[in-house]
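For reference, input.cif (mmCIF, C-alpha atoms):
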```
data_model
loop_
_atom_site.label_atom_id
_atom_site.label_comp_id
_atom_site.auth_asym_id
_atom_site.auth_seq_id
_atom_site.Cartn_x
_atom_site.Cartn_y
_atom_site.Cartn_z
CA MET A 131 -6.78 -63.14 -8.06
CA LYS A 132 -4.75 -62.43 -11.16
CA ALA A 133 -5.87 -58.79 -11.17
CA ASN A 134 -4.84 -58.47 -7.53
CA CYS A 135 -1.39 -59.84 -8.30
CA THR A 136 -1.00 -57.49 -11.26
CA ARG A 137 -2.01 -54.55 -9.09
CA ARG A 138 0.60 -55.53 -6.48
CA LEU A 139 3.24 -55.81 -9.16
CA TRP A 140 2.35 -52.35 -10.47
CA ARG A 141 2.53 -50.91 -6.98
CA LEU A 142 5.96 -52.48 -6.46
CA LEU A 143 7.10 -51.10 -9.81
CA ALA A 144 5.81 -47.67 -8.87
CA VAL A 145 7.71 -47.73 -5.56
CA VAL A 146 10.91 -48.91 -7.23
CA GLY A 147 10.43 -46.27 -9.93
CA ALA A 148 9.86 -43.53 -7.38
CA LEU A 149 12.96 -44.58 -5.44
CA GLY A 150 14.96 -44.59 -8.65
CA LEU A 151 13.73 -41.12 -9.49
CA LEU A 152 14.55 -39.85 -6.01
CA SER A 153 18.05 -41.24 -6.06
CA ALA A 154 18.55 -39.86 -9.56
CA CYS A 155 17.46 -36.44 -8.36
CA MET A 156 19.59 -36.47 -5.22
CA PRO A 157 22.86 -35.24 -6.73
CA VAL A 158 20.95 -32.57 -8.68
CA ALA A 159 19.03 -31.45 -5.59
CA THR A 160 22.18 -30.93 -3.54
CA GLY A 161 23.67 -28.84 -6.34
CA VAL A 162 20.73 -26.43 -6.26
CA VAL A 163 20.95 -23.43 -3.95
CA GLU A 164 18.53 -23.90 -1.05
CA PRO A 165 15.88 -21.18 -1.24
CA LEU A 166 16.00 -20.54 2.51
CA GLN A 167 19.52 -19.98 3.80
CA GLN A 168 20.57 -19.59 7.41
CA GLN A 169 22.92 -16.67 8.04
CA GLU A 170 25.44 -16.28 10.83
CA ASP A 171 23.53 -13.46 12.54
CA SER A 172 20.46 -15.76 13.08
CA THR A 173 18.57 -14.22 10.17
CA VAL A 174 17.67 -16.19 7.04
CA THR A 175 17.68 -15.20 3.37
CA TRP A 176 15.00 -16.29 0.93
CA GLN A 177 16.10 -16.93 -2.66
CA GLN A 178 18.68 -14.16 -2.21
CA GLU A 179 15.72 -11.78 -2.52
CA TYR A 180 15.27 -10.74 1.10
CA ARG A 181 16.46 -11.35 4.63
CA PHE A 182 14.50 -11.62 7.89
CA ALA A 183 14.62 -13.03 11.41
CA PRO A 184 12.60 -16.27 11.45
CA PRO A 185 10.08 -16.51 14.28
CA GLY A 186 10.59 -18.88 17.20
CA GLY A 187 7.85 -20.30 19.39
CA GLY A 188 6.06 -22.93 17.37
CA TRP A 189 5.74 -21.13 14.02
CA GLN A 190 6.00 -23.53 11.09
CA LEU A 191 7.16 -22.54 7.62
CA ILE A 192 4.46 -23.33 5.07
CA ASP A 193 4.09 -23.45 1.31
CA LEU A 194 7.66 -23.54 0.17
CA ASP A 195 7.10 -23.10 -3.52
CA GLU A 196 10.31 -22.15 -5.22
CA ASP A 197 8.51 -20.26 -7.96
CA ASP A 198 6.81 -18.16 -5.35
CA TYR A 199 8.55 -15.08 -4.06
CA SER A 200 6.37 -15.04 -0.98
CA ILE A 201 6.84 -16.80 2.32
CA ALA A 202 4.46 -17.83 5.12
CA TYR A 203 4.51 -19.20 8.66
CA MET A 204 1.67 -20.89 10.49
CA LYS A 205 0.88 -21.76 14.08
CA LEU A 206 -1.89 -24.02 15.34
CA CYS A 207 -3.11 -23.75 18.91
CA GLN A 208 -4.30 -26.56 21.14
CA ASP A 209 -8.01 -25.93 20.66
CA GLY A 210 -7.89 -27.05 17.03
CA TYR A 211 -9.65 -25.31 14.18
CA PRO A 212 -10.54 -22.45 14.09
CA CYS A 213 -7.57 -21.72 16.35
CA GLN A 214 -4.83 -20.91 13.91
CA SER A 215 -2.55 -18.02 13.02
CA THR A 216 -0.64 -17.25 9.86
CA PHE A 217 1.78 -14.56 8.90
CA ALA A 218 3.38 -13.97 5.58
CA TYR A 219 5.27 -11.75 3.24
CA ALA A 220 3.45 -11.46 -0.08
CA GLU A 221 5.15 -10.12 -3.17
CA GLU A 222 1.83 -9.86 -4.99
CA PRO A 223 -0.90 -9.00 -2.47
CA PHE A 224 -4.53 -9.06 -3.62
CA GLY A 225 -5.76 -5.99 -5.46
CA TYR A 226 -3.84 -4.00 -8.02
CA SER A 227 -3.64 -0.30 -7.20
CA LEU A 228 -0.26 1.25 -6.53
CA ASP A 229 -1.87 3.58 -3.99
CA PHE A 230 -1.91 2.10 -0.46
CA GLU A 231 -5.41 3.21 0.53
CA GLU A 232 -7.03 2.01 -2.69
CA ARG A 233 -5.02 -1.20 -2.49
CA GLN A 234 -6.18 -2.07 1.03
CA ALA A 235 -9.84 -1.68 -0.02
CA GLU A 236 -9.27 -4.01 -3.00
CA PHE A 237 -7.28 -6.34 -0.80
CA PHE A 238 -10.06 -6.99 1.72
CA LYS A 239 -12.50 -7.81 -1.07
CA ARG A 240 -10.30 -10.83 -1.93
CA PHE A 241 -8.51 -11.72 1.29
CA LEU A 242 -9.90 -14.95 2.83
CA TRP A 243 -12.64 -14.80 0.24
CA ALA A 244 -12.88 -18.61 0.12
CA GLY A 245 -13.36 -18.58 3.91
CA ARG A 246 -16.55 -16.54 3.36
CA VAL A 247 -15.27 -13.88 5.74
CA ILE A 248 -16.99 -10.51 5.93
CA PHE A 249 -14.55 -7.83 7.12
CA GLU A 250 -15.34 -4.69 9.05
CA PRO A 251 -13.82 -1.57 7.44
CA ALA A 252 -10.14 -1.57 8.39
CA ARG A 253 -8.57 0.92 10.80
CA LEU A 254 -5.70 2.51 8.88
CA ARG A 255 -2.47 3.93 10.24
CA LYS A 256 0.72 5.12 8.54
CA VAL A 257 3.79 3.26 9.76
CA GLN A 258 7.51 3.71 9.25
CA LEU A 259 9.26 0.64 7.85
CA PRO A 260 12.94 0.08 7.13
CA GLY A 261 12.24 0.65 3.43
CA GLY A 262 10.08 3.76 3.88
CA GLU A 263 6.50 4.57 4.74
CA GLY A 264 3.86 1.85 4.89
CA LEU A 265 0.16 1.54 5.65
CA GLU A 266 -1.12 -0.69 8.43
CA ALA A 267 -4.69 -1.97 8.18
CA VAL A 268 -6.28 -3.78 11.12
CA THR A 269 -9.72 -5.33 11.03
CA ILE A 270 -11.85 -8.23 12.18
CA GLY A 271 -13.74 -10.50 9.84
CA ARG A 272 -16.54 -12.91 10.64
CA GLU A 273 -17.92 -16.08 9.10
CA PRO A 274 -21.38 -15.84 10.66
CA VAL A 275 -22.70 -19.25 9.58
CA LEU A 276 -19.87 -21.31 11.08
CA GLY A 277 -19.30 -18.85 13.94
CA HIS A 278 -15.65 -18.16 13.18
CA LYS A 279 -13.84 -14.86 13.42
CA VAL A 280 -10.47 -13.70 12.20
CA ARG A 281 -8.31 -10.77 13.22
CA ALA A 282 -6.21 -9.44 10.39
CA LYS A 283 -3.33 -7.01 10.43
CA ILE A 284 -1.94 -6.21 7.01
CA ILE A 285 1.00 -3.92 6.43
CA PHE A 286 1.29 -2.55 2.92
CA ALA A 287 4.82 -1.60 1.92
CA ARG A 288 6.67 -0.68 -1.22
CA ARG A 289 9.30 -2.56 -3.16
CA GLY A 290 10.30 -0.22 -5.96
CA GLU A 291 7.01 1.20 -7.24
CA ARG A 292 5.07 -2.03 -6.54
CA VAL A 293 3.02 -2.66 -3.44
CA VAL A 294 3.98 -5.67 -1.33
CA ALA A 295 2.40 -6.70 1.96
CA PHE A 296 2.98 -8.41 5.27
CA TYR A 297 -0.06 -10.40 6.40
CA TYR A 298 -1.05 -11.52 9.82
CA SER A 299 -4.27 -13.38 10.57
CA GLN A 300 -5.55 -15.13 13.67
CA TRP A 301 -8.61 -17.38 13.60
CA ARG A 302 -10.70 -18.01 16.69
CA PRO A 303 -14.18 -19.31 17.44
CA GLU A 304 -16.62 -16.40 17.83
CA ALA A 305 -16.83 -16.87 21.61
CA ALA A 306 -13.06 -17.07 22.25
CA ALA A 307 -10.72 -14.12 22.80
CA PHE A 308 -7.92 -13.17 20.41
CA ASP A 309 -4.36 -13.69 21.66
CA LEU A 310 -2.82 -10.28 21.06
CA THR A 311 0.61 -11.20 22.49
CA GLU A 312 1.21 -13.39 19.43
CA GLU A 313 1.17 -10.38 17.16
CA ALA A 314 4.55 -9.34 18.57
CA ASP A 315 6.15 -12.22 16.63
CA PHE A 316 4.70 -10.79 13.44
CA ASP A 317 5.85 -7.26 14.30
CA ARG A 318 9.41 -8.53 14.87
CA PHE A 319 9.30 -10.34 11.52
CA VAL A 320 8.25 -7.13 9.75
CA ALA A 321 10.84 -5.02 11.56
CA SER A 322 13.64 -7.46 10.64
CA PHE A 323 12.70 -7.67 6.96
CA ARG A 324 15.17 -6.28 4.38
CA PHE A 325 15.28 -6.59 0.60
CA LEU A 326 18.65 -7.78 -0.66
CA GLN A 327 18.40 -6.80 -4.30
CA PRO A 328 16.21 -4.87 -6.74
CA SER A 329 13.00 -6.76 -7.49
CA PHE A 330 12.10 -8.31 -10.84
CA TYR A 331 9.98 -5.23 -11.56
CA GLU A 332 12.78 -2.82 -10.75
CA ARG A 333 15.11 -4.76 -13.04
CA LEU A 334 12.42 -4.68 -15.74
CA ALA A 335 12.78 -0.91 -15.90
CA GLU A 336 16.33 -1.38 -17.17
CA PRO A 337 17.00 -2.07 -20.88
CA PRO A 338 16.66 -5.77 -21.81
CA ARG A 339 19.78 -7.89 -21.89
CA MET B 101 -7.03 -11.79 -14.45
CA GLU B 102 -6.16 -9.82 -11.33
CA GLY B 103 -2.47 -10.30 -12.11
CA HIS B 104 -2.99 -8.72 -15.53
CA GLN B 105 -4.83 -5.84 -13.90
CA ARG B 106 -1.88 -5.36 -11.53
CA ASN B 107 0.52 -5.22 -14.49
CA LEU B 108 -1.51 -2.93 -16.75
CA TYR B 109 0.75 0.07 -16.16
CA LEU B 110 3.73 -2.06 -17.23
CA TYR B 111 1.97 -3.41 -20.33
CA ASP B 112 1.24 0.19 -21.19
CA ARG B 113 4.95 1.06 -20.99
CA PHE B 114 5.70 -1.76 -23.42
CA ASN B 115 2.90 -0.73 -25.79
CA ALA B 116 0.97 -3.91 -25.04
CA ARG B 117 -2.73 -4.48 -24.42
CA VAL B 118 -4.33 -7.42 -22.65
CA ALA B 119 -7.63 -9.26 -22.86
CA GLY B 120 -9.16 -12.35 -21.31
CA VAL B 121 -11.07 -14.82 -23.49
CA SER B 122 -13.78 -17.23 -22.39
CA ARG B 123 -16.83 -18.95 -23.83
CA ASP B 124 -19.18 -17.05 -21.53
CA GLN B 125 -21.85 -14.72 -22.83
CA VAL B 126 -21.14 -10.99 -22.70
CA ALA B 127 -23.59 -10.45 -19.80
CA THR B 128 -21.76 -12.96 -17.57
CA LEU B 129 -18.41 -11.41 -18.44
CA GLU B 130 -19.74 -7.94 -17.61
CA TYR B 131 -20.64 -9.10 -14.09
CA TRP B 132 -17.30 -10.84 -13.67
CA ALA B 133 -15.22 -7.91 -14.89
CA GLU B 134 -17.16 -5.59 -12.60
CA ASP B 135 -16.68 -7.90 -9.62
CA LEU B 136 -12.93 -8.08 -10.21
CA GLY B 137 -12.68 -4.41 -11.09
CA LEU B 138 -11.06 -5.17 -14.44
CA THR B 139 -10.45 -2.18 -16.69
CA PHE B 140 -9.31 -4.30 -19.64
CA PRO B 141 -11.76 -6.30 -21.79
CA VAL B 142 -12.65 -9.96 -21.57
CA PHE B 143 -13.57 -11.36 -24.97
CA SER B 144 -16.73 -13.41 -25.31
CA ASN B 145 -16.28 -16.31 -27.71
CA PRO B 146 -19.17 -18.79 -27.17
CA ILE B 147 -18.51 -20.60 -30.44
CA GLY B 148 -14.94 -21.16 -29.36
CA HIS B 149 -13.08 -20.64 -32.61
CA LEU B 150 -10.46 -18.45 -30.92
CA GLY B 151 -9.78 -21.36 -28.58
CA ILE B 152 -9.36 -23.69 -31.53
CA TRP B 153 -7.05 -21.30 -33.37
CA PHE B 154 -4.87 -20.69 -30.33
CA GLY B 155 -4.91 -24.27 -28.98
CA ALA B 156 -7.06 -23.59 -25.92
CA LEU B 157 -10.00 -25.84 -26.76
CA ALA B 158 -9.49 -29.55 -26.29
CA GLU B 159 -11.79 -31.85 -28.22
CA GLY B 160 -14.74 -33.06 -26.20
CA TYR B 161 -14.32 -30.44 -23.48
CA PRO B 162 -16.78 -27.54 -23.35
CA MET B 163 -14.58 -24.86 -21.76
CA PHE B 164 -11.30 -23.27 -22.75
CA SER B 165 -8.20 -24.46 -20.98
CA ARG B 166 -5.98 -21.85 -19.33
CA ARG B 167 -3.56 -20.62 -21.93
CA THR B 168 -1.80 -17.37 -22.73
CA VAL B 169 -0.91 -16.09 -26.19
CA VAL B 170 1.16 -13.06 -27.11
CA ILE B 171 0.71 -11.60 -30.59
CA ASP B 172 3.19 -8.89 -31.53
CA LYS B 173 2.00 -5.68 -33.18
CA TRP B 174 3.00 -7.05 -36.57
CA GLY B 175 0.45 -9.85 -36.17
CA VAL B 176 2.85 -12.69 -35.43
CA ILE B 177 2.29 -15.14 -32.56
CA ARG B 178 5.31 -14.86 -30.29
CA TYR B 179 4.28 -16.88 -27.26
CA LEU B 180 1.94 -19.74 -26.37
CA ARG B 181 1.87 -21.21 -22.89
CA ASP B 182 -0.59 -23.47 -21.03
CA GLY B 183 -1.61 -22.89 -17.44
CA SER B 184 -2.13 -19.79 -15.35
CA PRO B 185 -0.24 -16.83 -16.79
CA ASP B 186 3.45 -16.64 -15.92
CA TYR B 187 3.46 -12.87 -15.51
CA ARG B 188 7.21 -12.48 -15.24
CA GLU B 189 7.77 -14.46 -18.44
CA ILE B 190 5.11 -12.39 -20.22
CA LEU B 191 6.57 -9.08 -19.02
CA THR B 192 10.09 -10.10 -20.02
CA LEU B 193 8.84 -10.95 -23.52
CA LEU B 194 6.87 -7.70 -23.82
CA GLN B 195 9.95 -5.76 -22.80
CA ARG B 196 11.85 -7.48 -25.63
CA LEU B 197 9.04 -6.85 -28.15
CA HIS B 198 9.02 -3.20 -27.18
CA ALA B 199 12.78 -2.99 -27.72
CA GLU B 200 12.31 -4.60 -31.18
CA GLU B 201 9.66 -2.03 -31.92
CA GLU B 202 11.93 0.84 -30.94
CA GLY B 203 14.68 -0.64 -33.12
CA ARG B 204 12.54 -0.79 -36.26
CA MET C 57 20.32 -22.25 -69.21
CA LEU C 58 20.88 -19.01 -67.41
CA ARG C 59 18.68 -17.11 -69.84
CA LYS C 60 15.87 -19.59 -69.50
CA HIS C 61 16.00 -19.28 -65.72
CA ARG C 62 15.89 -15.52 -65.95
CA ARG C 63 12.89 -15.57 -68.22
CA SER C 64 10.91 -17.73 -65.78
CA THR C 65 11.40 -15.30 -62.86
CA PRO C 66 8.41 -12.96 -63.47
CA ALA C 67 6.13 -15.98 -63.80
CA GLY C 68 7.58 -17.36 -60.56
CA ILE C 69 6.85 -14.13 -58.73
CA LEU C 70 3.31 -14.12 -60.07
CA LEU C 71 2.79 -17.71 -58.95
CA ALA C 72 4.15 -16.91 -55.50
CA LEU C 73 1.84 -13.93 -55.24
CA VAL C 74 -1.17 -16.03 -56.22
CA LEU C 75 -0.19 -18.67 -53.66
CA LEU C 76 0.29 -16.06 -50.93
CA ALA C 77 -3.05 -14.47 -51.69
CA GLY C 78 -4.58 -17.94 -51.59
CA CYS C 79 -3.08 -18.57 -48.15
CA ALA C 80 -4.34 -15.27 -46.82
CA TRP C 81 -7.79 -16.06 -48.19
CA ALA C 82 -7.74 -19.54 -46.65
CA ASP C 83 -6.89 -17.95 -43.29
CA ARG C 84 -10.15 -16.05 -43.37
CA THR C 85 -12.54 -18.66 -44.67
CA GLU C 86 -11.50 -22.16 -43.63
CA PRO C 87 -13.62 -23.61 -40.85
CA ALA C 88 -11.66 -24.11 -37.62
CA ARG C 89 -10.54 -27.62 -36.74
CA PRO C 90 -8.56 -28.75 -33.67
CA ASP C 91 -5.50 -29.41 -35.85
CA MET C 92 -5.66 -25.78 -36.96
CA ALA C 93 -4.05 -24.59 -33.73
CA LYS C 94 -1.48 -21.93 -34.58
CA GLN C 95 2.14 -22.19 -33.55
CA VAL C 96 4.65 -19.59 -32.42
CA GLY C 97 5.99 -17.73 -35.46
CA GLU C 98 2.75 -18.05 -37.43
CA ARG C 99 0.54 -15.10 -38.20
CA ALA C 100 -2.45 -14.62 -35.94
CA PRO C 101 -5.86 -14.96 -37.58
CA ILE C 102 -8.15 -11.97 -38.02
CA PHE C 103 -10.99 -11.95 -35.50
CA GLN C 104 -13.83 -9.85 -34.16
CA VAL C 105 -15.55 -10.65 -30.86
CA ALA C 106 -17.88 -8.97 -28.38
CA THR C 107 -16.33 -7.92 -25.07
CA SER C 108 -17.21 -7.51 -21.40
CA GLN C 109 -17.07 -3.75 -21.98
CA GLY C 110 -20.02 -3.84 -24.35
CA THR C 111 -17.78 -3.22 -27.34
CA LEU C 112 -16.69 -5.17 -30.36
CA ALA C 113 -13.00 -6.01 -30.35
CA ASP C 114 -11.67 -6.02 -33.88
CA TYR C 115 -8.13 -7.34 -34.04
CA ASP C 116 -7.19 -5.40 -37.15
CA ARG C 117 -8.79 -2.14 -36.12
CA ASP C 118 -7.73 -2.17 -32.45
CA TYR C 119 -4.39 -3.98 -32.30
CA TYR C 120 -2.78 -4.82 -35.65
CA GLY C 121 0.10 -2.47 -36.37
CA LYS C 122 -0.66 -0.65 -33.11
CA HIS C 123 -0.12 -2.78 -29.99
CA HIS C 124 1.26 -6.11 -28.87
CA LEU C 125 -1.64 -8.20 -27.52
CA VAL C 126 -1.66 -10.60 -24.59
CA LEU C 127 -4.64 -12.99 -24.60
CA THR C 128 -5.36 -15.21 -21.63
CA PHE C 129 -7.91 -17.97 -22.18
CA VAL C 130 -9.90 -18.97 -19.09
CA PRO C 131 -12.41 -21.80 -18.58
CA ALA C 132 -15.20 -19.54 -17.36
CA ALA C 133 -16.05 -16.32 -15.58
CA PHE C 134 -15.68 -16.50 -11.80
CA THR C 135 -12.88 -19.04 -12.01
CA PRO C 136 -9.60 -17.97 -10.43
CA VAL C 137 -6.70 -17.24 -12.74
#
```

Here is a file; write its structure as structure tokens.
Amino acid sequence: MKANCTRRLWRLLAVVGALGLLSACMPVATGVVEPLQQQEDSTVTWQQEYRFAPPGGGWQLIDLDEDDYSIAYMKLCQDGYPCQSTFAYAEEPFGYSLDFEERQAEFFKRFLWAGRVIFEPARLRKVQLPGGEGLEAVTIGREPVLGHKVRAKIIFARRGERVVAFYYSQWRPEAAAFDLTEEADFDRFVASFRFLQPSFYERLAEPPR
Amino acid sequence: MEGHQRNLYLYDRFNARVAGVSRDQVATLEYWAEDLGLTFPVFSNPIGHLGIWFGALAEGYPMFSRRTVVIDKWGVIRYLRDGSPDYREILTLLQRLHAEEEGR
Amino acid sequence: MLRKHRRSTPAGILLALVLLAGCAWADRTEPARPDMAKQVGERAPIFQVATSQGTLADYDRDYYGKHHLVLTFVPAAFTPV
């Protein structure tokens, strides 16, 4: 009985403490520049690093980590898991080579690794992006034990000398068909994407301040 | 480790080298480095004294904790940080160390 | 007073040298304890360890006076970092 009462008191204290912390942080939080800023021309900017047109049609922004220079959107469909799509801009895509073709091979060794996906060799195609030439890799991966499949379209691009990437993945049960119309949202996102300033790595090439 | 591999060409520009350290046996580390495609070494330190010296071995815990150390070329410890490597912080420091080196 | 101070200087230098040598020696031989963890600004200890590349890494031979060294400690192989 006494222990129960003590526990309740602790919980109350924790709630009051949390509220206190929140209210204390409020003025600070409003003073901080929001990482995602809406612009007048319906594009958004992310941490003043880049600008893009956010997708409509049920795409949800995920993983807003302010230390992360990447951004991702997700969409769930009615059928539940595995019926899910994600697209993202990644500042540090898997792998490490500066060459696109080598990078894509390294990339697919790591991509969705925890999902136990085995990818078919990707179909590669050179593409023209606003910032120069890129490499598009399209493939399908399968998780044979659970009967899931995933369609992946990855576009490798350059920011300075580094390789960055735009990811798109769509999960479906093995028996279901992929929804290819959805990929248009991803393509629009890629086409709208512009860097606003030299990257950390480009600035690193300058003498230290 | 993959992040270090990605930055190797930059470390090279700043006259820096990189290594991982764990308490695994050499054989295990060979498999791991091959799987990741690492071209830099991972140090095998089963006894764990490097972890003790650099504050990466907590008492009563068998494995190293994640921690990054930077030693300048004159043998002085310039950086100690817990957690996964903060690559941008490390690169910024190496850039400064390289400038110091050029100035000497 | 001044003369006396002057005369003690060579002995002071000798003492300092002996102390320094002692410290350097202690660095090599003292068994490691948790409270021995080095801090920023201190000199790194001398070490030699086997590597994943089938080589022996020798701090003094491979890095000292040559390269800055980044060391990342990880719990175990096949853990993400």

For this structure, which residues satisfy the selection - the PyMOL selection byres ((chain B) within 7 of (chain C)) - when it is evaluated on the file as given? I want them as a ChimeraX atom specification. /B:101,115-124,126,128-130,132-133,141-145,149,152-156,163-180,184

Two-atom distance - CA of Gly103 in chain B, CA of Glu201 in chain B (Å): 24.7 Å

At a cut-off of 12 Å, which residues of chain B touch chain A? Count all atoms listed in the file and give the answer as a ChimeraX atom specification. /B:101-111,113-114,135-139,186-200,202

Given the selection you just returned, output its residues as a file containing C-alpha atoms, formatted as a short mmCIF file (atom, residue, chain, number, x, y, z; two decimals), keeping the file's coordinate frame.
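Below is the file that was written, part-v4.cif:
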```cif
data_model
loop_
_atom_site.label_atom_id
_atom_site.label_comp_id
_atom_site.auth_asym_id
_atom_site.auth_seq_id
_atom_site.Cartn_x
_atom_site.Cartn_y
_atom_site.Cartn_z
CA MET B 101 -7.03 -11.79 -14.45
CA GLU B 102 -6.16 -9.82 -11.33
CA GLY B 103 -2.47 -10.30 -12.11
CA HIS B 104 -2.99 -8.72 -15.53
CA GLN B 105 -4.83 -5.84 -13.90
CA ARG B 106 -1.88 -5.36 -11.53
CA ASN B 107 0.52 -5.22 -14.49
CA LEU B 108 -1.51 -2.93 -16.75
CA TYR B 109 0.75 0.07 -16.16
CA LEU B 110 3.73 -2.06 -17.23
CA TYR B 111 1.97 -3.41 -20.33
CA ARG B 113 4.95 1.06 -20.99
CA PHE B 114 5.70 -1.76 -23.42
CA ASP B 135 -16.68 -7.90 -9.62
CA LEU B 136 -12.93 -8.08 -10.21
CA GLY B 137 -12.68 -4.41 -11.09
CA LEU B 138 -11.06 -5.17 -14.44
CA THR B 139 -10.45 -2.18 -16.69
CA ASP B 186 3.45 -16.64 -15.92
CA TYR B 187 3.46 -12.87 -15.51
CA ARG B 188 7.21 -12.48 -15.24
CA GLU B 189 7.77 -14.46 -18.44
CA ILE B 190 5.11 -12.39 -20.22
CA LEU B 191 6.57 -9.08 -19.02
CA THR B 192 10.09 -10.10 -20.02
CA LEU B 193 8.84 -10.95 -23.52
CA LEU B 194 6.87 -7.70 -23.82
CA GLN B 195 9.95 -5.76 -22.80
CA ARG B 196 11.85 -7.48 -25.63
CA LEU B 197 9.04 -6.85 -28.15
CA HIS B 198 9.02 -3.20 -27.18
CA ALA B 199 12.78 -2.99 -27.72
CA GLU B 200 12.31 -4.60 -31.18
CA GLU B 202 11.93 0.84 -30.94
#
```

Given the PyMOL selection byres ((chain A and resi 265-280) around 10), the residues it picks as an NGL selection string: :A and (211-215 or 230-231 or 234-235 or 238 or 242 or 245-259 or 263-264 or 281-288 or 295-308)

With C-alpha atoms retained, write the just-selected residues as a PDB file, keeping the file's coordinate frame.
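Result file is out15.pdb:
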```
ATOM      1  CA  TYR A 211      -9.650 -25.310  14.180  1.00  0.00           C
ATOM      2  CA  PRO A 212     -10.540 -22.450  14.090  1.00  0.00           C
ATOM      3  CA  CYS A 213      -7.570 -21.720  16.350  1.00  0.00           C
ATOM      4  CA  GLN A 214      -4.830 -20.910  13.910  1.00  0.00           C
ATOM      5  CA  SER A 215      -2.550 -18.020  13.020  1.00  0.00           C
ATOM      6  CA  PHE A 230      -1.910   2.100  -0.460  1.00  0.00           C
ATOM      7  CA  GLU A 231      -5.410   3.210   0.530  1.00  0.00           C
ATOM      8  CA  GLN A 234      -6.180  -2.070   1.030  1.00  0.00           C
ATOM      9  CA  ALA A 235      -9.840  -1.680  -0.020  1.00  0.00           C
ATOM     10  CA  PHE A 238     -10.060  -6.990   1.720  1.00  0.00           C
ATOM     11  CA  LEU A 242      -9.900 -14.950   2.830  1.00  0.00           C
ATOM     12  CA  GLY A 245     -13.360 -18.580   3.910  1.00  0.00           C
ATOM     13  CA  ARG A 246     -16.550 -16.540   3.360  1.00  0.00           C
ATOM     14  CA  VAL A 247     -15.270 -13.880   5.740  1.00  0.00           C
ATOM     15  CA  ILE A 248     -16.990 -10.510   5.930  1.00  0.00           C
ATOM     16  CA  PHE A 249     -14.550  -7.830   7.120  1.00  0.00           C
ATOM     17  CA  GLU A 250     -15.340  -4.690   9.050  1.00  0.00           C
ATOM     18  CA  PRO A 251     -13.820  -1.570   7.440  1.00  0.00           C
ATOM     19  CA  ALA A 252     -10.140  -1.570   8.390  1.00  0.00           C
ATOM     20  CA  ARG A 253      -8.570   0.920  10.800  1.00  0.00           C
ATOM     21  CA  LEU A 254      -5.700   2.510   8.880  1.00  0.00           C
ATOM     22  CA  ARG A 255      -2.470   3.930  10.240  1.00  0.00           C
ATOM     23  CA  LYS A 256       0.720   5.120   8.540  1.00  0.00           C
ATOM     24  CA  VAL A 257       3.790   3.260   9.760  1.00  0.00           C
ATOM     25  CA  GLN A 258       7.510   3.710   9.250  1.00  0.00           C
ATOM     26  CA  LEU A 259       9.260   0.640   7.850  1.00  0.00           C
ATOM     27  CA  GLU A 263       6.500   4.570   4.740  1.00  0.00           C
ATOM     28  CA  GLY A 264       3.860   1.850   4.890  1.00  0.00           C
ATOM     29  CA  ARG A 281      -8.310 -10.770  13.220  1.00  0.00           C
ATOM     30  CA  ALA A 282      -6.210  -9.440  10.390  1.00  0.00           C
ATOM     31  CA  LYS A 283      -3.330  -7.010  10.430  1.00  0.00           C
ATOM     32  CA  ILE A 284      -1.940  -6.210   7.010  1.00  0.00           C
ATOM     33  CA  ILE A 285       1.000  -3.920   6.430  1.00  0.00           C
ATOM     34  CA  PHE A 286       1.290  -2.550   2.920  1.00  0.00           C
ATOM     35  CA  ALA A 287       4.820  -1.600   1.920  1.00  0.00           C
ATOM     36  CA  ARG A 288       6.670  -0.680  -1.220  1.00  0.00           C
ATOM     37  CA  ALA A 295       2.400  -6.700   1.960  1.00  0.00           C
ATOM     38  CA  PHE A 296       2.980  -8.410   5.270  1.00  0.00           C
ATOM     39  CA  TYR A 297      -0.060 -10.400   6.400  1.00  0.00           C
ATOM     40  CA  TYR A 298      -1.050 -11.520   9.820  1.00  0.00           C
ATOM     41  CA  SER A 299      -4.270 -13.380  10.570  1.00  0.00           C
ATOM     42  CA  GLN A 300      -5.550 -15.130  13.670  1.00  0.00           C
ATOM     43  CA  TRP A 301      -8.610 -17.380  13.600  1.00  0.00           C
ATOM     44  CA  ARG A 302     -10.700 -18.010  16.690  1.00  0.00           C
ATOM     45  CA  PRO A 303     -14.180 -19.310  17.440  1.00  0.00           C
ATOM     46  CA  GLU A 304     -16.620 -16.400  17.830  1.00  0.00           C
ATOM     47  CA  ALA A 305     -16.830 -16.870  21.610  1.00  0.00           C
ATOM     48  CA  ALA A 306     -13.060 -17.070  22.250  1.00  0.00           C
ATOM     49  CA  ALA A 307     -10.720 -14.120  22.800  1.00  0.00           C
ATOM     50  CA  PHE A 308      -7.920 -13.170  20.410  1.00  0.00           C
TER      51      PHE A 308
END
```

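Straight-line separation from CA of Val294 in chain A to CA of Arg333 in chain A: 16.2 Å.
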
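Once the PyMOL selection byres ((chain A and resi 179) around 9) is applied to the shown structure, the selection contains A:Thr175, A:Trp176, A:Gln177, A:Gln178, A:Tyr180, A:Arg181, A:Tyr199, A:Arg324, A:Phe325, A:Leu326, A:Gln327, A:Pro328, A:Ser329.
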
Work out how far CA of Tyr131 in chain B is from CA of Gly160 in chain B, in Å to one decimal.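 Between these atoms lies a distance of 27.5 Å.
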
In terms of the shortest atom-to-atom distance over only C-alpha atoms, which of A:Cys207, A:Ala321, A:Ala314, A:Ala244 is closest to chain C? A:Ala244
